[in-house]
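Peer 1: Structure supplied as input.cif; contents: mmCIF, N, CA, C and O atoms.
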data_coords
loop_
_atom_site.group_PDB
_atom_site.id
_atom_site.type_symbol
_atom_site.label_atom_id
_atom_site.label_comp_id
_atom_site.auth_asym_id
_atom_site.auth_seq_id
_atom_site.Cartn_x
_atom_site.Cartn_y
_atom_site.Cartn_z
ATOM 1 N N MET A 60 -174.469 -152.943 67.771
ATOM 2 C CA MET A 60 -175.515 -152.777 66.785
ATOM 3 C C MET A 60 -176.395 -154.026 66.807
ATOM 4 O O MET A 60 -175.933 -155.131 66.586
ATOM 5 N N SER A 61 -177.661 -153.864 67.102
ATOM 6 C CA SER A 61 -178.562 -155.013 67.149
ATOM 7 C C SER A 61 -179.480 -154.995 65.929
ATOM 8 O O SER A 61 -179.739 -153.962 65.333
ATOM 9 N N SER A 62 -179.969 -156.156 65.607
ATOM 10 C CA SER A 62 -180.841 -156.324 64.453
ATOM 11 C C SER A 62 -182.299 -156.238 64.899
ATOM 12 O O SER A 62 -182.635 -156.567 66.028
ATOM 13 N N THR A 63 -183.148 -155.785 64.003
ATOM 14 C CA THR A 63 -184.578 -155.703 64.289
ATOM 15 C C THR A 63 -185.303 -156.643 63.339
ATOM 16 O O THR A 63 -185.014 -156.676 62.142
ATOM 17 N N VAL A 64 -186.238 -157.428 63.888
ATOM 18 C CA VAL A 64 -187.059 -158.332 63.089
ATOM 19 C C VAL A 64 -188.529 -157.965 63.285
ATOM 20 O O VAL A 64 -188.872 -157.218 64.199
ATOM 21 N N GLU A 65 -189.375 -158.511 62.451
ATOM 22 C CA GLU A 65 -190.810 -158.258 62.540
ATOM 23 C C GLU A 65 -191.486 -159.390 63.317
ATOM 24 O O GLU A 65 -191.224 -160.563 63.037
ATOM 25 N N CYS A 66 -192.325 -159.053 64.278
ATOM 26 C CA CYS A 66 -193.060 -160.063 65.045
ATOM 27 C C CYS A 66 -193.924 -160.876 64.073
ATOM 28 O O CYS A 66 -194.690 -160.302 63.290
ATOM 29 N N PRO A 67 -193.805 -162.210 64.088
ATOM 30 C CA PRO A 67 -194.580 -163.033 63.152
ATOM 31 C C PRO A 67 -196.093 -162.940 63.363
ATOM 32 O O PRO A 67 -196.861 -163.213 62.450
ATOM 33 N N THR A 68 -196.525 -162.538 64.544
ATOM 34 C CA THR A 68 -197.954 -162.484 64.830
ATOM 35 C C THR A 68 -198.580 -161.144 64.460
ATOM 36 O O THR A 68 -199.578 -161.087 63.759
ATOM 37 N N CYS A 69 -197.976 -160.043 64.928
ATOM 38 C CA CYS A 69 -198.605 -158.733 64.727
ATOM 39 C C CYS A 69 -197.817 -157.797 63.826
ATOM 40 O O CYS A 69 -198.333 -156.748 63.432
ATOM 41 N N GLY A 70 -196.580 -158.148 63.520
ATOM 42 C CA GLY A 70 -195.781 -157.320 62.628
ATOM 43 C C GLY A 70 -195.017 -156.190 63.303
ATOM 44 O O GLY A 70 -194.342 -155.424 62.628
ATOM 45 N N ALA A 71 -195.103 -156.078 64.616
ATOM 46 C CA ALA A 71 -194.386 -155.019 65.330
ATOM 47 C C ALA A 71 -192.883 -155.266 65.254
ATOM 48 O O ALA A 71 -192.437 -156.414 65.215
ATOM 49 N N PRO A 72 -192.084 -154.202 65.259
ATOM 50 C CA PRO A 72 -190.631 -154.392 65.237
ATOM 51 C C PRO A 72 -190.138 -154.940 66.577
ATOM 52 O O PRO A 72 -190.610 -154.534 67.635
ATOM 53 N N VAL A 73 -189.207 -155.890 66.515
ATOM 54 C CA VAL A 73 -188.658 -156.516 67.719
ATOM 55 C C VAL A 73 -187.137 -156.441 67.632
ATOM 56 O O VAL A 73 -186.558 -156.893 66.643
ATOM 57 N N GLU A 74 -186.519 -155.857 68.643
ATOM 58 C CA GLU A 74 -185.072 -155.791 68.671
ATOM 59 C C GLU A 74 -184.539 -157.159 69.059
ATOM 60 O O GLU A 74 -184.962 -157.745 70.059
ATOM 61 N N TRP A 75 -183.627 -157.711 68.259
ATOM 62 C CA TRP A 75 -183.109 -159.059 68.488
ATOM 63 C C TRP A 75 -181.979 -158.983 69.504
ATOM 64 O O TRP A 75 -180.865 -158.622 69.193
ATOM 65 N N GLY A 76 -182.293 -159.332 70.740
ATOM 66 C CA GLY A 76 -181.286 -159.301 71.788
ATOM 67 C C GLY A 76 -181.899 -159.684 73.117
ATOM 68 O O GLY A 76 -183.102 -159.970 73.218
ATOM 69 N N PRO A 77 -181.080 -159.689 74.169
ATOM 70 C CA PRO A 77 -181.559 -160.116 75.487
ATOM 71 C C PRO A 77 -182.666 -159.229 76.052
ATOM 72 O O PRO A 77 -183.423 -159.650 76.917
ATOM 73 N N GLN A 78 -182.792 -158.008 75.555
ATOM 74 C CA GLN A 78 -183.853 -157.110 76.021
ATOM 75 C C GLN A 78 -185.228 -157.539 75.496
ATOM 76 O O GLN A 78 -186.243 -157.024 75.931
ATOM 77 N N SER A 79 -185.262 -158.504 74.577
ATOM 78 C CA SER A 79 -186.526 -159.020 74.012
ATOM 79 C C SER A 79 -186.609 -160.519 74.275
ATOM 80 O O SER A 79 -186.336 -161.336 73.392
ATOM 81 N N PRO A 80 -187.003 -160.919 75.482
ATOM 82 C CA PRO A 80 -186.992 -162.344 75.839
ATOM 83 C C PRO A 80 -187.988 -163.211 75.055
ATOM 84 O O PRO A 80 -187.834 -164.418 74.994
ATOM 85 N N SER A 81 -188.993 -162.613 74.434
ATOM 86 C CA SER A 81 -189.979 -163.396 73.671
ATOM 87 C C SER A 81 -189.647 -163.449 72.185
ATOM 88 O O SER A 81 -190.448 -163.927 71.391
ATOM 89 N N ARG A 82 -188.466 -162.938 71.801
ATOM 90 C CA ARG A 82 -188.111 -162.879 70.373
ATOM 91 C C ARG A 82 -188.249 -164.240 69.698
ATOM 92 O O ARG A 82 -187.999 -165.240 70.352
ATOM 93 N N PRO A 83 -188.715 -164.341 68.508
ATOM 94 C CA PRO A 83 -188.950 -163.273 67.550
ATOM 95 C C PRO A 83 -190.280 -162.559 67.744
ATOM 96 O O PRO A 83 -190.643 -161.710 66.949
ATOM 97 N N PHE A 84 -191.012 -162.904 68.778
ATOM 98 C CA PHE A 84 -192.291 -162.254 69.056
ATOM 99 C C PHE A 84 -192.068 -161.001 69.887
ATOM 100 O O PHE A 84 -191.111 -160.909 70.648
ATOM 101 N N CYS A 85 -192.999 -160.050 69.785
ATOM 102 C CA CYS A 85 -192.855 -158.804 70.528
ATOM 103 C C CYS A 85 -193.272 -158.959 71.983
ATOM 104 O O CYS A 85 -192.867 -158.172 72.833
ATOM 105 N N SER A 86 -194.071 -159.974 72.281
ATOM 106 C CA SER A 86 -194.571 -160.148 73.648
ATOM 107 C C SER A 86 -194.954 -161.608 73.895
ATOM 108 O O SER A 86 -195.074 -162.401 72.960
ATOM 109 N N GLU A 87 -195.173 -161.922 75.151
ATOM 110 C CA GLU A 87 -195.633 -163.262 75.522
ATOM 111 C C GLU A 87 -197.009 -163.531 74.909
ATOM 112 O O GLU A 87 -197.317 -164.650 74.507
ATOM 113 N N ARG A 88 -197.833 -162.492 74.805
ATOM 114 C CA ARG A 88 -199.175 -162.621 74.225
ATOM 115 C C ARG A 88 -199.087 -163.102 72.771
ATOM 116 O O ARG A 88 -199.767 -164.056 72.383
ATOM 117 N N CYS A 89 -198.239 -162.452 71.967
ATOM 118 C CA CYS A 89 -198.091 -162.858 70.566
ATOM 119 C C CYS A 89 -197.513 -164.266 70.468
ATOM 120 O O CYS A 89 -197.874 -165.036 69.587
ATOM 121 N N LYS A 90 -196.631 -164.597 71.381
ATOM 122 C CA LYS A 90 -196.047 -165.939 71.414
ATOM 123 C C LYS A 90 -197.136 -166.988 71.655
ATOM 124 O O LYS A 90 -197.184 -168.026 70.986
ATOM 125 N N LEU A 91 -198.049 -166.710 72.583
ATOM 126 C CA LEU A 91 -199.128 -167.647 72.899
ATOM 127 C C LEU A 91 -200.167 -167.725 71.777
ATOM 128 O O LEU A 91 -200.736 -168.794 71.523
ATOM 129 N N ILE A 92 -200.403 -166.607 71.102
ATOM 130 C CA ILE A 92 -201.320 -166.622 69.952
ATOM 131 C C ILE A 92 -200.771 -167.558 68.876
ATOM 132 O O ILE A 92 -201.497 -168.376 68.300
ATOM 133 N N ASP A 93 -199.463 -167.479 68.610
ATOM 134 C CA ASP A 93 -198.832 -168.345 67.624
ATOM 135 C C ASP A 93 -198.901 -169.815 68.058
ATOM 136 O O ASP A 93 -199.216 -170.690 67.255
ATOM 137 N N LEU A 94 -198.624 -170.082 69.319
ATOM 138 C CA LEU A 94 -198.707 -171.450 69.841
ATOM 139 C C LEU A 94 -200.120 -172.003 69.676
ATOM 140 O O LEU A 94 -200.301 -173.150 69.262
ATOM 141 N N GLY A 95 -201.132 -171.183 69.959
ATOM 142 C CA GLY A 95 -202.522 -171.605 69.784
ATOM 143 C C GLY A 95 -202.848 -171.939 68.341
ATOM 144 O O GLY A 95 -203.601 -172.878 68.057
ATOM 145 N N ALA A 96 -202.269 -171.175 67.405
ATOM 146 C CA ALA A 96 -202.506 -171.449 65.983
ATOM 147 C C ALA A 96 -201.911 -172.799 65.587
ATOM 148 O O ALA A 96 -202.516 -173.546 64.817
ATOM 149 N N TRP A 97 -200.730 -173.128 66.126
ATOM 150 C CA TRP A 97 -200.143 -174.450 65.849
ATOM 151 C C TRP A 97 -200.999 -175.549 66.486
ATOM 152 O O TRP A 97 -201.240 -176.593 65.863
ATOM 153 N N ALA A 98 -201.463 -175.318 67.714
ATOM 154 C CA ALA A 98 -202.252 -176.336 68.420
ATOM 155 C C ALA A 98 -203.586 -176.602 67.730
ATOM 156 O O ALA A 98 -204.077 -177.735 67.717
ATOM 157 N N SER A 99 -204.180 -175.565 67.133
ATOM 158 C CA SER A 99 -205.458 -175.741 66.441
ATOM 159 C C SER A 99 -205.272 -176.148 64.979
ATOM 160 O O SER A 99 -206.239 -176.251 64.239
ATOM 161 N N GLU A 100 -204.015 -176.355 64.593
ATOM 162 C CA GLU A 100 -203.633 -176.755 63.243
ATOM 163 C C GLU A 100 -203.954 -175.698 62.188
ATOM 164 O O GLU A 100 -204.151 -176.003 61.019
ATOM 165 N N SER A 101 -204.011 -174.413 62.613
ATOM 166 C CA SER A 101 -204.119 -173.322 61.652
ATOM 167 C C SER A 101 -202.791 -173.154 60.923
ATOM 168 O O SER A 101 -202.748 -172.726 59.780
ATOM 169 N N HIS A 102 -201.693 -173.427 61.626
ATOM 170 C CA HIS A 102 -200.361 -173.443 61.024
ATOM 171 C C HIS A 102 -199.979 -174.907 60.838
ATOM 172 O O HIS A 102 -200.154 -175.710 61.740
ATOM 173 N N VAL A 103 -199.489 -175.239 59.661
ATOM 174 C CA VAL A 103 -199.015 -176.597 59.411
ATOM 175 C C VAL A 103 -197.763 -176.536 58.547
ATOM 176 O O VAL A 103 -197.546 -175.569 57.823
ATOM 177 N N ILE A 104 -196.955 -177.548 58.623
ATOM 178 C CA ILE A 104 -195.799 -177.691 57.750
ATOM 179 C C ILE A 104 -196.168 -178.759 56.741
ATOM 180 O O ILE A 104 -196.467 -179.897 57.121
ATOM 181 N N PRO A 105 -196.195 -178.400 55.456
ATOM 182 C CA PRO A 105 -196.595 -179.388 54.448
ATOM 183 C C PRO A 105 -195.613 -180.547 54.418
ATOM 184 O O PRO A 105 -194.410 -180.366 54.567
ATOM 185 N N GLY A 106 -196.162 -181.732 54.261
ATOM 186 C CA GLY A 106 -195.336 -182.932 54.193
ATOM 187 C C GLY A 106 -195.290 -183.476 52.785
ATOM 188 O O GLY A 106 -195.935 -182.971 51.875
ATOM 189 N N ASP A 107 -194.535 -184.512 52.624
ATOM 190 C CA ASP A 107 -194.419 -185.201 51.339
ATOM 191 C C ASP A 107 -195.497 -186.281 51.314
ATOM 192 O O ASP A 107 -195.471 -187.221 52.108
ATOM 193 N N THR A 108 -196.456 -186.174 50.402
ATOM 194 C CA THR A 108 -197.577 -187.117 50.382
ATOM 195 C C THR A 108 -197.115 -188.544 50.129
ATOM 196 O O THR A 108 -197.716 -189.485 50.636
ATOM 197 N N VAL A 109 -196.051 -188.731 49.359
ATOM 198 C CA VAL A 109 -195.543 -190.085 49.109
ATOM 199 C C VAL A 109 -195.032 -190.692 50.408
ATOM 200 O O VAL A 109 -195.356 -191.827 50.748
ATOM 201 N N GLU A 110 -194.237 -189.935 51.164
ATOM 202 C CA GLU A 110 -193.737 -190.441 52.441
ATOM 203 C C GLU A 110 -194.874 -190.645 53.433
ATOM 204 O O GLU A 110 -194.877 -191.604 54.184
ATOM 205 N N ASP A 111 -195.850 -189.720 53.445
ATOM 206 C CA ASP A 111 -196.982 -189.854 54.354
ATOM 207 C C ASP A 111 -197.718 -191.167 54.093
ATOM 208 O O ASP A 111 -198.077 -191.890 55.021
ATOM 209 N N GLU A 112 -197.959 -191.479 52.827
ATOM 210 C CA GLU A 112 -198.652 -192.720 52.477
ATOM 211 C C GLU A 112 -197.799 -193.940 52.823
ATOM 212 O O GLU A 112 -198.305 -194.932 53.325
ATOM 213 N N LEU A 113 -196.511 -193.836 52.572
ATOM 214 C CA LEU A 113 -195.596 -194.948 52.828
ATOM 215 C C LEU A 113 -195.529 -195.280 54.317
ATOM 216 O O LEU A 113 -195.571 -196.442 54.710
ATOM 217 N N PHE A 114 -195.450 -194.262 55.159
ATOM 218 C CA PHE A 114 -195.259 -194.483 56.593
ATOM 219 C C PHE A 114 -196.558 -194.491 57.397
ATOM 220 O O PHE A 114 -196.537 -194.664 58.607
ATOM 221 N N SER A 115 -197.705 -194.307 56.762
ATOM 222 C CA SER A 115 -198.950 -194.297 57.522
ATOM 223 C C SER A 115 -199.655 -195.659 57.518
ATOM 224 O O SER A 115 -200.702 -195.814 58.101
ATOM 225 N N GLY A 116 -199.079 -196.633 56.873
ATOM 226 C CA GLY A 116 -199.667 -197.972 56.812
ATOM 227 C C GLY A 116 -199.633 -198.670 58.150
ATOM 228 O O GLY A 116 -199.048 -198.206 59.131
ATOM 229 N N GLU A 117 -200.264 -199.799 58.200
ATOM 230 C CA GLU A 117 -200.285 -200.598 59.438
ATOM 231 C C GLU A 117 -198.909 -201.142 59.742
ATOM 232 O O GLU A 117 -198.208 -201.646 58.860
ATOM 233 N N LEU A 118 -198.537 -201.052 60.982
ATOM 234 C CA LEU A 118 -197.260 -201.618 61.418
ATOM 235 C C LEU A 118 -197.489 -203.063 61.844
ATOM 236 O O LEU A 118 -198.536 -203.413 62.384
ATOM 237 N N PRO A 119 -196.500 -203.920 61.625
ATOM 238 C CA PRO A 119 -196.657 -205.306 62.090
ATOM 239 C C PRO A 119 -196.698 -205.342 63.620
ATOM 240 O O PRO A 119 -196.126 -204.486 64.288
ATOM 241 N N PRO A 120 -197.405 -206.317 64.198
ATOM 242 C CA PRO A 120 -197.487 -206.397 65.660
ATOM 243 C C PRO A 120 -196.104 -206.617 66.269
ATOM 244 O O PRO A 120 -195.264 -207.309 65.688
ATOM 245 N N ARG A 121 -195.900 -205.999 67.413
ATOM 246 C CA ARG A 121 -194.624 -206.173 68.120
ATOM 247 C C ARG A 121 -194.590 -207.511 68.844
ATOM 248 O O ARG A 121 -195.567 -207.923 69.443
ATOM 249 N N GLU A 122 -193.477 -208.166 68.733
ATOM 250 C CA GLU A 122 -193.302 -209.404 69.474
ATOM 251 C C GLU A 122 -192.649 -209.062 70.804
ATOM 252 O O GLU A 122 -191.707 -208.297 70.856
ATOM 253 N N HIS A 123 -193.156 -209.655 71.865
ATOM 254 C CA HIS A 123 -192.629 -209.337 73.195
ATOM 255 C C HIS A 123 -191.588 -210.311 73.613
ATOM 256 O O HIS A 123 -191.460 -211.398 73.428
#
Give the structure from this file in structure tokens form.
Peer 2:
Amino acid sequence: MSSTVECPTCGAPVEWGPQSPSRPFCSERCKLIDLGAWASESHVIPGDTVEDELFSGELPPREH
């Protein structure tokens, strides 16, 4: 018994198993569309603004 998931890009049903090598995507095309969205920053993972401010400051120069 295999599980079926929804393709994150187009919503098509995808059988979760070796017969679906692009899972969770239904195809290589949907996989590349998703990758393009991450590359263009259409998809982002929200960060913690306090940590972002804390760690985005100037770093001291490295001593060699």
Peer 1: What is the atom N of Glu100 (chain A) to atom C of Thr63 (chain A) distance in Å?
Peer 2: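 Computing it gives 27.2 Å between the two atoms.
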Peer 1: When you count only C-alpha atoms, which of these residues is closest to Cys66 (chain A): A:Ser99, A:Asp93, A:Gln78, A:Phe84?
Peer 2: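 Among the listed residues, the smallest separation from Cys66 (chain A) belongs to A:Phe84.
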Peer 1: Run the PyMOL selection byres (((chain A and resi 85 and name CA) around 7) and name CA) against the file shown and list the residues it catches, as a VMD selection string.
Peer 2: chain A and resid 66 71 73 81 to 84 86 89
Peer 1: Distance CA of Ser79 (chain A)-atom O of Val103 (chain A), one decimal place?
Peer 2: 25.6 Å
Peer 1: Report, in Å with one decimal, the straight-line distance from CA of Pro77 (chain A) to CA of Val64 (chain A).
Peer 2: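 If I compute the distance from CA of Pro77 (chain A) to CA of Val64 (chain A), I get 13.7 Å.
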Peer 1: So for region 93-106 of chain A, what box centre and size do we get, axis-aligned, 5 Å extra on each of the six sides, every listed atom, Å to one decimal, as JSON?
Peer 2:
{"center_x": -200.3, "center_y": -175.5, "center_z": 60.9, "size_x": 21.8, "size_y": 26.0, "size_z": 28.1}
Peer 1: Choose the residue, out of A:Trp97, A:Arg88, A:His102, A:Ser62, that has the smallest atom-to-atom separation from Trp75 (chain A); count only C-alpha atoms.
Peer 2: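 Closest candidate: A:Ser62.
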Peer 1: Using all atoms listed in the file, which residue out of A:Glu122, A:Ile104, A:Thr68, A:Glu117 lies closest to Lys90 (chain A)?
Peer 2: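 Between A:Glu122, A:Ile104, A:Thr68, A:Glu117, the residue approaching Lys90 (chain A) most closely is A:Thr68.
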